[in-house]
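So this one's entry-v4.tsv, TSV, C-alpha atoms:
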```
chain	number	residue	atom	x	y	z
G	1	MET	CA	82.89	99.24	280.23
G	2	THR	CA	85.50	99.83	277.57
G	3	ALA	CA	87.45	96.68	276.77
G	4	LEU	CA	90.18	95.41	274.54
G	5	ILE	CA	89.76	91.68	274.11
G	6	GLU	CA	93.04	89.89	273.52
G	7	LYS	CA	93.67	86.33	272.41
G	8	ILE	CA	96.73	84.53	271.12
G	9	VAL	CA	96.55	82.32	268.03
G	10	GLY	CA	99.89	80.67	267.32
G	11	ASN	CA	102.41	83.47	266.98
G	12	THR	CA	99.75	86.15	266.47
G	13	ALA	CA	98.04	88.33	269.06
G	14	VAL	CA	94.51	89.48	268.21
G	15	ILE	CA	93.15	92.60	269.89
G	16	THR	CA	89.47	93.37	269.45
G	17	MET	CA	88.14	96.82	270.25
G	18	SER	CA	84.95	96.27	272.25
G	19	ASN	CA	82.99	99.34	273.27
G	20	PRO	CA	79.48	99.10	271.77
G	21	PRO	CA	77.92	100.42	269.74
G	22	ALA	CA	80.78	102.11	267.85
G	23	ASN	CA	83.95	100.82	269.56
G	24	THR	CA	84.97	104.31	270.61
G	25	TRP	CA	88.21	105.03	272.45
G	26	THR	CA	88.53	106.29	276.02
G	27	ALA	CA	91.60	107.29	278.02
G	28	GLN	CA	91.35	103.93	279.78
G	29	SER	CA	91.29	101.85	276.60
G	30	LEU	CA	94.11	103.87	275.04
G	31	GLN	CA	96.31	103.32	278.08
G	32	LEU	CA	95.40	99.63	277.98
G	33	LEU	CA	96.37	99.38	274.31
G	34	LYS	CA	99.78	100.85	275.07
G	35	GLN	CA	100.26	98.37	277.92
G	36	LYS	CA	99.22	95.42	275.76
G	37	VAL	CA	101.57	96.39	272.92
G	38	GLU	CA	104.48	96.82	275.33
G	39	ALA	CA	103.74	93.40	276.85
G	40	LEU	CA	103.64	91.83	273.39
G	41	ASN	CA	107.02	93.39	272.63
G	42	ASP	CA	108.40	91.44	275.58
G	43	ASN	CA	106.86	88.14	274.43
G	44	PRO	CA	109.33	86.40	272.08
G	45	GLU	CA	106.61	84.04	270.84
G	46	ILE	CA	104.57	86.87	269.27
G	47	TYR	CA	105.50	87.86	265.73
G	48	ALA	CA	102.33	89.64	264.56
G	49	LEU	CA	99.46	91.70	265.96
G	50	VAL	CA	95.99	91.94	264.42
G	51	ILE	CA	93.55	94.61	265.59
G	52	THR	CA	89.87	94.65	264.69
G	53	GLY	CA	86.50	95.87	265.94
G	54	GLU	CA	83.69	93.98	267.64
G	55	GLY	CA	80.48	93.58	265.66
G	56	ASP	CA	79.75	93.97	261.98
G	57	LYS	CA	79.23	97.72	261.57
G	58	PHE	CA	82.10	99.58	263.24
G	59	PHE	CA	85.83	99.02	263.25
G	60	SER	CA	86.00	102.11	265.45
G	61	ALA	CA	84.37	105.53	265.43
G	62	GLY	CA	87.32	107.10	267.28
G	63	ALA	CA	86.78	109.17	270.40
G	64	ASP	CA	83.33	109.68	271.86
G	65	LEU	CA	82.60	113.37	271.22
G	66	LYS	CA	80.77	113.56	274.54
G	67	LEU	CA	84.24	113.60	276.12
G	68	PHE	CA	84.79	117.07	274.61
G	69	ALA	CA	81.33	118.53	275.07
G	70	ASP	CA	82.36	120.59	278.12
G	71	GLY	CA	85.10	122.40	276.19
G	72	ASN	CA	87.67	121.55	278.88
G	73	LYS	CA	91.10	122.19	277.36
G	74	GLU	CA	92.98	120.21	280.01
G	75	ASN	CA	90.80	117.17	279.36
G	76	ALA	CA	91.35	117.53	275.62
G	77	ALA	CA	95.11	117.74	276.06
G	78	ASN	CA	95.07	114.62	278.23
G	79	MET	CA	93.09	112.67	275.61
G	80	ALA	CA	95.46	113.84	272.86
G	81	HIS	CA	98.38	112.63	274.98
G	82	CYS	CA	96.71	109.24	275.53
G	83	PHE	CA	95.98	108.88	271.82
G	84	GLY	CA	99.52	109.81	270.87
G	85	GLU	CA	101.20	107.47	273.35
G	86	ALA	CA	98.97	104.52	272.44
G	87	PHE	CA	99.21	104.78	268.68
G	88	GLU	CA	102.92	105.60	268.68
G	89	ALA	CA	103.45	102.46	270.77
G	90	LEU	CA	101.44	100.51	268.20
G	91	SER	CA	103.45	101.98	265.34
G	92	ALA	CA	106.67	101.00	267.15
G	93	PHE	CA	105.54	97.39	267.77
G	94	ARG	CA	108.57	95.25	266.94
G	95	GLY	CA	106.53	92.77	264.85
G	96	VAL	CA	104.01	93.27	262.04
G	97	SER	CA	100.71	94.95	262.93
G	98	ILE	CA	97.64	94.47	260.73
G	99	ALA	CA	94.33	96.33	260.93
G	100	ALA	CA	91.32	94.20	259.96
G	101	ILE	CA	88.88	97.00	259.15
G	102	ASN	CA	85.44	95.46	259.47
G	103	GLY	CA	83.29	98.55	259.17
G	104	TYR	CA	83.34	102.30	259.74
G	105	ALA	CA	86.81	103.62	260.64
G	106	MET	CA	86.34	107.24	261.59
G	107	GLY	CA	88.67	109.74	263.25
G	108	GLY	CA	90.70	107.95	265.90
G	109	GLY	CA	89.30	104.72	264.48
G	110	LEU	CA	91.09	105.34	261.21
G	111	GLU	CA	94.16	106.65	263.03
G	112	VAL	CA	94.65	103.35	264.85
G	113	ALA	CA	94.58	101.61	261.48
G	114	LEU	CA	97.06	104.15	260.09
G	115	ALA	CA	99.40	103.31	262.98
G	116	CYS	CA	99.46	99.68	261.84
G	117	ASP	CA	101.87	98.36	259.23
G	118	LEU	CA	99.15	96.93	256.97
G	119	ARG	CA	95.43	97.38	256.48
G	120	ILE	CA	92.79	94.98	255.14
G	121	ALA	CA	89.30	96.41	254.67
G	122	GLU	CA	85.96	94.74	254.14
G	123	SER	CA	84.03	95.90	251.09
G	124	GLN	CA	81.44	97.84	253.12
G	125	ALA	CA	84.05	99.75	255.16
G	126	VAL	CA	84.08	103.54	255.12
G	127	MET	CA	87.08	105.60	256.22
G	128	ALA	CA	87.36	109.26	257.17
G	129	LEU	CA	89.11	111.82	259.34
G	130	PRO	CA	86.15	114.17	259.97
G	131	GLU	CA	87.51	116.04	263.00
G	132	ALA	CA	87.50	119.47	261.32
G	133	THR	CA	83.75	119.08	260.81
G	134	VAL	CA	83.33	119.50	264.58
G	135	GLY	CA	86.07	122.06	265.11
G	136	LEU	CA	88.85	119.61	265.98
G	137	LEU	CA	91.76	117.95	264.17
G	138	PRO	CA	93.27	114.46	264.00
G	139	CYS	CA	95.60	114.33	267.01
G	140	ALA	CA	96.81	110.71	266.92
G	141	GLY	CA	99.13	110.81	263.93
G	142	GLY	CA	96.44	111.22	261.30
G	143	THR	CA	97.82	114.33	259.61
G	144	GLN	CA	101.24	112.72	259.28
G	145	ASN	CA	100.48	109.05	258.65
G	146	LEU	CA	97.71	109.63	256.13
G	147	ALA	CA	99.85	111.99	254.05
G	148	ALA	CA	102.74	109.51	254.17
G	149	LEU	CA	100.50	106.75	252.83
G	150	ILE	CA	98.37	108.43	250.19
G	151	GLY	CA	100.13	111.72	249.45
G	152	GLU	CA	99.43	115.28	250.44
G	153	GLY	CA	96.64	115.96	247.95
G	154	TRP	CA	94.24	113.23	249.01
G	155	ALA	CA	95.21	113.64	252.65
G	156	LYS	CA	94.05	117.24	252.35
G	157	ARG	CA	90.82	116.18	250.64
G	158	MET	CA	90.01	113.79	253.46
G	159	ILE	CA	91.09	116.08	256.31
G	160	LEU	CA	90.37	119.58	254.98
G	161	CYS	CA	87.32	118.74	252.88
G	162	GLY	CA	85.97	115.97	255.07
G	163	GLU	CA	85.75	113.43	252.26
G	164	ARG	CA	84.93	109.85	253.12
G	165	VAL	CA	86.31	106.97	251.10
G	166	GLY	CA	84.94	103.49	250.64
G	167	ALA	CA	87.05	100.36	250.62
G	168	GLU	CA	87.61	100.15	246.86
G	169	GLN	CA	88.67	103.77	246.62
G	170	ALA	CA	90.85	103.35	249.70
G	171	GLN	CA	92.68	100.53	247.93
G	172	GLN	CA	93.15	102.68	244.84
G	173	LEU	CA	94.61	105.42	247.03
G	174	LYS	CA	96.87	102.84	248.78
G	175	LEU	CA	95.22	103.61	252.09
G	176	VAL	CA	94.53	99.87	252.40
G	177	GLU	CA	96.45	97.02	250.77
G	178	GLU	CA	93.56	94.59	250.31
G	179	VAL	CA	89.77	94.57	250.12
G	180	VAL	CA	87.79	91.47	251.07
G	181	GLU	CA	84.12	90.61	251.31
G	182	THR	CA	82.04	91.46	254.35
G	183	GLY	CA	83.01	89.35	257.34
G	184	ALA	CA	86.34	88.21	255.89
G	185	ALA	CA	88.81	90.85	257.14
G	186	LEU	CA	89.89	89.03	260.28
G	187	ASP	CA	90.50	85.74	258.48
G	188	ALA	CA	92.47	87.54	255.76
G	189	ALA	CA	94.53	89.35	258.39
G	190	MET	CA	95.24	86.08	260.20
G	191	GLN	CA	96.39	84.45	256.96
G	192	LEU	CA	98.75	87.35	256.36
G	193	ALA	CA	99.98	87.20	259.95
G	194	ALA	CA	100.75	83.49	259.50
G	195	LYS	CA	103.16	84.43	256.71
G	196	VAL	CA	105.00	86.69	259.13
G	197	ALA	CA	105.77	83.69	261.35
G	198	LYS	CA	107.87	82.28	258.52
G	199	GLN	CA	110.11	85.35	258.62
G	200	SER	CA	112.94	86.01	261.05
G	201	PRO	CA	111.64	88.23	263.88
G	202	SER	CA	115.05	89.90	264.12
G	203	SER	CA	114.98	90.69	260.41
G	204	ILE	CA	111.39	91.93	260.60
G	205	LYS	CA	112.27	94.36	263.39
G	206	ALA	CA	115.27	95.73	261.49
G	207	CYS	CA	113.42	96.01	258.18
G	208	LYS	CA	110.45	97.77	259.76
G	209	THR	CA	112.80	100.24	261.45
G	210	LEU	CA	114.43	101.03	258.10
G	211	ILE	CA	111.18	101.40	256.15
G	212	GLN	CA	109.69	103.76	258.72
G	213	ALA	CA	112.95	105.70	259.01
G	214	GLY	CA	112.50	106.65	255.38
G	215	ARG	CA	109.67	108.94	256.46
G	216	ASN	CA	111.97	111.00	258.65
G	217	MET	CA	115.38	111.09	257.04
G	218	PRO	CA	116.94	111.60	253.61
G	219	ARG	CA	117.73	108.50	251.55
G	220	ASN	CA	121.49	109.12	251.75
G	221	GLN	CA	121.24	108.88	255.55
G	222	ALA	CA	119.03	105.79	255.58
G	223	LEU	CA	121.17	103.72	253.21
G	224	PRO	CA	124.24	103.54	255.50
G	225	ILE	CA	121.96	102.49	258.37
G	226	GLU	CA	120.58	99.74	256.14
G	227	ARG	CA	124.06	98.31	255.66
G	228	GLU	CA	124.85	98.66	259.35
G	229	LEU	CA	121.72	96.78	260.44
G	230	PHE	CA	122.42	94.07	257.85
G	231	ALA	CA	125.79	93.42	259.48
G	232	ASP	CA	124.25	93.57	262.96
G	233	LEU	CA	121.97	90.64	262.10
G	234	PHE	CA	125.05	88.42	262.14
G	235	ASP	CA	125.09	88.89	265.91
G	236	THR	CA	121.67	87.20	266.17
G	237	GLN	CA	120.74	83.54	266.56
G	238	ASP	CA	118.04	84.05	263.95
G	239	GLN	CA	120.59	84.72	261.22
G	240	ALA	CA	122.49	81.50	261.89
G	241	GLU	CA	119.26	79.51	262.21
G	242	GLY	CA	117.78	80.96	258.99
G	243	VAL	CA	120.80	80.09	256.87
G	244	ALA	CA	121.11	76.63	258.44
G	245	ALA	CA	117.41	75.88	257.92
G	246	PHE	CA	117.61	76.89	254.27
G	247	LEU	CA	120.68	74.75	253.61
G	248	GLU	CA	119.18	71.80	255.49
G	249	LYS	CA	115.81	72.23	253.71
G	250	ARG	CA	113.80	72.48	256.91
G	251	LYS	CA	111.56	74.97	258.67
G	252	ALA	CA	113.42	77.59	260.69
G	253	ASN	CA	113.03	77.57	264.46
G	254	TRP	CA	113.21	81.26	265.25
G	255	LYS	CA	114.52	82.45	268.62
G	256	ASN	CA	113.70	86.14	268.17
G	257	CYS	CA	117.22	87.07	269.26
```
As structure tokens:
Amino acid sequence: MTALIEKIVGNTAVITMSNPPANTWTAQSLQLLKQKVEALNDNPEIYALVITGEGDKFFSAGADLKLFADGNKENAANMAHCFGEAFEALSAFRGVSIAAINGYAMGGGLEVALACDLRIAESQAVMALPEATVGLLPCAGGTQNLAALIGEGWAKRMILCGERVGAEQAQQLKLVEEVVETGAALDAAMQLAAKVAKQSPSSIKACKTLIQAGRNMPRNQALPIERELFADLFDTQDQAEGVAAFLEKRKANWKNC
């Protein structure tokens, strides 16, 4: 049975994709991911989310192609809807999301990583969006998120030419921010997530909103919003606590409000 294993470590939620042997997605697991992210948004103690795959070979191989073997268009549309809702919810997570890529990240497996804010890959990891090879296309944000991260040229090479990239090349392309040795991605992601807990959750939410808005609006529209959100932070408890903690030379006690 498809499962997403969740545990809480400090202020970080860890979600492990668990559907052996390749941690593929189903409609059920996609709906569950959306529900988990929405629940985490309502938990003021959670500042970061780490997602990884079970085992040592696959982060996730995406959707099981057997789901599309019957050529049923209605079924395909439903799966596309489930993928879109789940990964858009992940992208909109109010905290920082980190993909710990511990193996093959293919199709929807790479798209879930693309929906995260940051990506750490193990040295043996391989990434691809091979949907066109089987007459399909990336339907969970892949065409948009990949191009936004690595540029149109390489996005076209990976999607239109079916090129796979290893971890080192992915880092050169800025598809991932860090490469670590085999077995170390989760620990590296947790260390990064621990840094997030030192930041104001209110500030993180506003900053993330602004950075991602830059994908959809001209700079001259985003800059006024930046100033507006800066002023809005003065309505939060976090702003007062952050300044007080700095002046008093102590650790901030964030309220996430």
**Message:** Can you tell me which residues surround Ile120 of chain G at a distance of at most 6 Å, considering only C-alpha atoms, apart from same-chain residues fewer than 4 positions away, and format the answer as an MDAnalysis selection string?
**Reply:** chainID G and resid 100:101 176 178:179
Write the residues you've just listed into a file as an mmCIF file, in the coordinates of the input, and include C-alpha atoms for each of them.
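Contents of the output file again00.cif:
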```cif
data_model
loop_
_atom_site.group_PDB
_atom_site.id
_atom_site.type_symbol
_atom_site.label_atom_id
_atom_site.label_comp_id
_atom_site.auth_asym_id
_atom_site.auth_seq_id
_atom_site.Cartn_x
_atom_site.Cartn_y
_atom_site.Cartn_z
ATOM 1 C CA ALA G 100 91.320 94.200 259.960
ATOM 2 C CA ILE G 101 88.880 97.000 259.150
ATOM 3 C CA VAL G 176 94.530 99.870 252.400
ATOM 4 C CA GLU G 178 93.560 94.590 250.310
ATOM 5 C CA VAL G 179 89.770 94.570 250.120
#
```
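Separating atom CA of Ala125 of chain G from atom CA of Trp154 of chain G is a distance of 18.0 Å.
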**Request:** Tell me, in Å to one decimal, how far atom CA of Asp70 of chain G is from atom CA of Leu136 of chain G.
**Result:**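 Between these atoms lies a distance of 13.8 Å.
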**Request:** Write out as a ChimeraX atom specification which residues come within 8 Å of Ile225 of chain G when counting all atoms listed in the file, dropping same-chain ones fewer than 4 positions away.
**Result:** /G:210,221,229
**Item:** Expected residue set, 8 Å radius at (102.1, 96.1, 255.6), only C-alpha atoms, as a PyMOL selection string
**Value:** chain G and resi 96-98+116-119+177
For Ile51 of chain G, list every protein, DNA or RNA residue within 12 Å, evaluated using all atoms listed in the file, and leave out those in the same chain fewer than 4 positions away; present the list as a compact mmCIF listing (two decimals) with C-alpha atoms, in the frame of the given file.
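Result went into selection-v6.txt, see below:
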```
# COMPACT_ATOMS: atom_id res chain seq x y z
CA LEU G 4 90.18 95.41 274.54
CA ILE G 5 89.76 91.68 274.11
CA GLU G 6 93.04 89.89 273.52
CA LYS G 7 93.67 86.33 272.41
CA ILE G 8 96.73 84.53 271.12
CA THR G 12 99.75 86.15 266.47
CA ALA G 13 98.04 88.33 269.06
CA VAL G 14 94.51 89.48 268.21
CA ILE G 15 93.15 92.60 269.89
CA THR G 16 89.47 93.37 269.45
CA MET G 17 88.14 96.82 270.25
CA SER G 18 84.95 96.27 272.25
CA LEU G 33 96.37 99.38 274.31
CA LYS G 36 99.22 95.42 275.76
CA VAL G 37 101.57 96.39 272.92
CA PHE G 59 85.83 99.02 263.25
CA SER G 60 86.00 102.11 265.45
CA LEU G 90 101.44 100.51 268.20
CA VAL G 96 104.01 93.27 262.04
CA SER G 97 100.71 94.95 262.93
CA ILE G 98 97.64 94.47 260.73
CA ALA G 99 94.33 96.33 260.93
CA ALA G 100 91.32 94.20 259.96
CA ILE G 101 88.88 97.00 259.15
CA ASN G 102 85.44 95.46 259.47
CA GLY G 109 89.30 104.72 264.48
CA LEU G 110 91.09 105.34 261.21
CA VAL G 112 94.65 103.35 264.85
CA ALA G 113 94.58 101.61 261.48
CA LEU G 114 97.06 104.15 260.09
CA ALA G 115 99.40 103.31 262.98
CA CYS G 116 99.46 99.68 261.84
CA ASP G 117 101.87 98.36 259.23
CA LEU G 118 99.15 96.93 256.97
CA ARG G 119 95.43 97.38 256.48
CA ILE G 120 92.79 94.98 255.14
CA ALA G 121 89.30 96.41 254.67
CA ALA G 185 88.81 90.85 257.14
CA LEU G 186 89.89 89.03 260.28
CA ASP G 187 90.50 85.74 258.48
CA ALA G 189 94.53 89.35 258.39
CA MET G 190 95.24 86.08 260.20
CA ALA G 193 99.98 87.20 259.95
```
Quick one: segment 210-222 of chain G from the block, all heavy atoms, as a compact mmCIF listing (two decimals), in the first residue's frame.
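Wrote out_24.txt, looks like this:
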```txt
# COMPACT_ATOMS: atom_id res chain seq x y z
N LEU G 210 7.67 36.57 -1.94
CA LEU G 210 8.28 37.56 -2.83
C LEU G 210 9.18 36.90 -3.87
O LEU G 210 9.14 37.25 -5.05
CB LEU G 210 9.08 38.57 -2.01
CG LEU G 210 8.23 39.58 -1.22
CD1 LEU G 210 9.07 40.25 -0.15
CD2 LEU G 210 7.63 40.61 -2.16
N ILE G 211 10.01 35.96 -3.43
CA ILE G 211 10.94 35.30 -4.36
C ILE G 211 10.17 34.58 -5.46
O ILE G 211 10.49 34.67 -6.65
CB ILE G 211 11.86 34.34 -3.61
CG1 ILE G 211 12.82 35.11 -2.69
CG2 ILE G 211 12.67 33.49 -4.59
CD1 ILE G 211 13.59 34.24 -1.71
N GLN G 212 9.12 33.85 -5.06
CA GLN G 212 8.35 33.10 -6.05
C GLN G 212 7.47 34.00 -6.91
O GLN G 212 7.18 33.67 -8.06
CB GLN G 212 7.51 32.02 -5.35
CG GLN G 212 8.39 30.99 -4.67
CD GLN G 212 7.66 29.77 -4.13
OE1 GLN G 212 8.30 28.81 -3.74
NE2 GLN G 212 6.35 29.80 -4.13
N ALA G 213 7.11 35.16 -6.37
CA ALA G 213 6.33 36.11 -7.18
C ALA G 213 7.14 36.62 -8.35
O ALA G 213 6.58 36.98 -9.40
CB ALA G 213 5.88 37.28 -6.31
N GLY G 214 8.46 36.63 -8.19
CA GLY G 214 9.32 37.10 -9.27
C GLY G 214 9.22 36.27 -10.54
O GLY G 214 9.60 36.72 -11.62
N ARG G 215 8.69 35.04 -10.41
CA ARG G 215 8.51 34.20 -11.59
C ARG G 215 7.31 34.65 -12.43
O ARG G 215 7.23 34.35 -13.61
CB ARG G 215 8.28 32.74 -11.18
CG ARG G 215 9.42 32.09 -10.44
CD ARG G 215 9.05 30.65 -10.11
NE ARG G 215 10.12 29.95 -9.41
CZ ARG G 215 10.05 28.67 -9.03
NH1 ARG G 215 8.96 27.99 -9.30
NH2 ARG G 215 11.04 28.10 -8.40
N ASN G 216 6.38 35.35 -11.77
CA ASN G 216 5.10 35.62 -12.41
C ASN G 216 4.81 37.08 -12.67
O ASN G 216 3.80 37.40 -13.31
CB ASN G 216 3.97 35.05 -11.54
CG ASN G 216 4.15 33.58 -11.23
OD1 ASN G 216 4.41 32.80 -12.12
ND2 ASN G 216 4.03 33.22 -9.97
N MET G 217 5.65 37.98 -12.19
CA MET G 217 5.35 39.40 -12.38
C MET G 217 6.62 40.18 -12.67
O MET G 217 7.72 39.76 -12.28
CB MET G 217 4.64 39.97 -11.16
CG MET G 217 5.46 40.01 -9.89
SD MET G 217 4.58 40.81 -8.51
CE MET G 217 3.16 39.75 -8.31
N PRO G 218 6.49 41.31 -13.36
CA PRO G 218 7.66 42.14 -13.64
C PRO G 218 8.27 42.68 -12.34
O PRO G 218 7.59 42.85 -11.33
CB PRO G 218 7.08 43.29 -14.48
CG PRO G 218 5.79 42.78 -15.00
CD PRO G 218 5.27 41.84 -13.97
N ARG G 219 9.56 42.97 -12.39
CA ARG G 219 10.29 43.47 -11.24
C ARG G 219 9.66 44.75 -10.68
O ARG G 219 9.56 44.92 -9.46
CB ARG G 219 11.75 43.73 -11.66
CG ARG G 219 12.66 44.25 -10.56
CD ARG G 219 14.04 44.53 -11.14
NE ARG G 219 14.94 45.11 -10.17
CZ ARG G 219 15.73 44.43 -9.36
NH1 ARG G 219 15.70 43.10 -9.41
NH2 ARG G 219 16.54 45.03 -8.51
N ASN G 220 9.20 45.64 -11.57
CA ASN G 220 8.65 46.91 -11.08
C ASN G 220 7.32 46.73 -10.35
O ASN G 220 6.86 47.62 -9.65
CB ASN G 220 8.50 47.91 -12.23
CG ASN G 220 7.51 47.47 -13.30
OD1 ASN G 220 7.06 46.33 -13.29
ND2 ASN G 220 7.19 48.35 -14.22
N GLN G 221 6.68 45.57 -10.50
CA GLN G 221 5.48 45.26 -9.73
C GLN G 221 5.83 44.57 -8.41
O GLN G 221 5.16 44.77 -7.40
CB GLN G 221 4.54 44.36 -10.55
CG GLN G 221 3.92 45.05 -11.74
CD GLN G 221 2.97 44.13 -12.50
OE1 GLN G 221 2.47 43.14 -11.95
NE2 GLN G 221 2.71 44.45 -13.76
N ALA G 222 6.89 43.76 -8.43
CA ALA G 222 7.29 43.02 -7.23
C ALA G 222 7.92 43.92 -6.18
O ALA G 222 7.71 43.71 -4.97
CB ALA G 222 8.24 41.90 -7.60
```
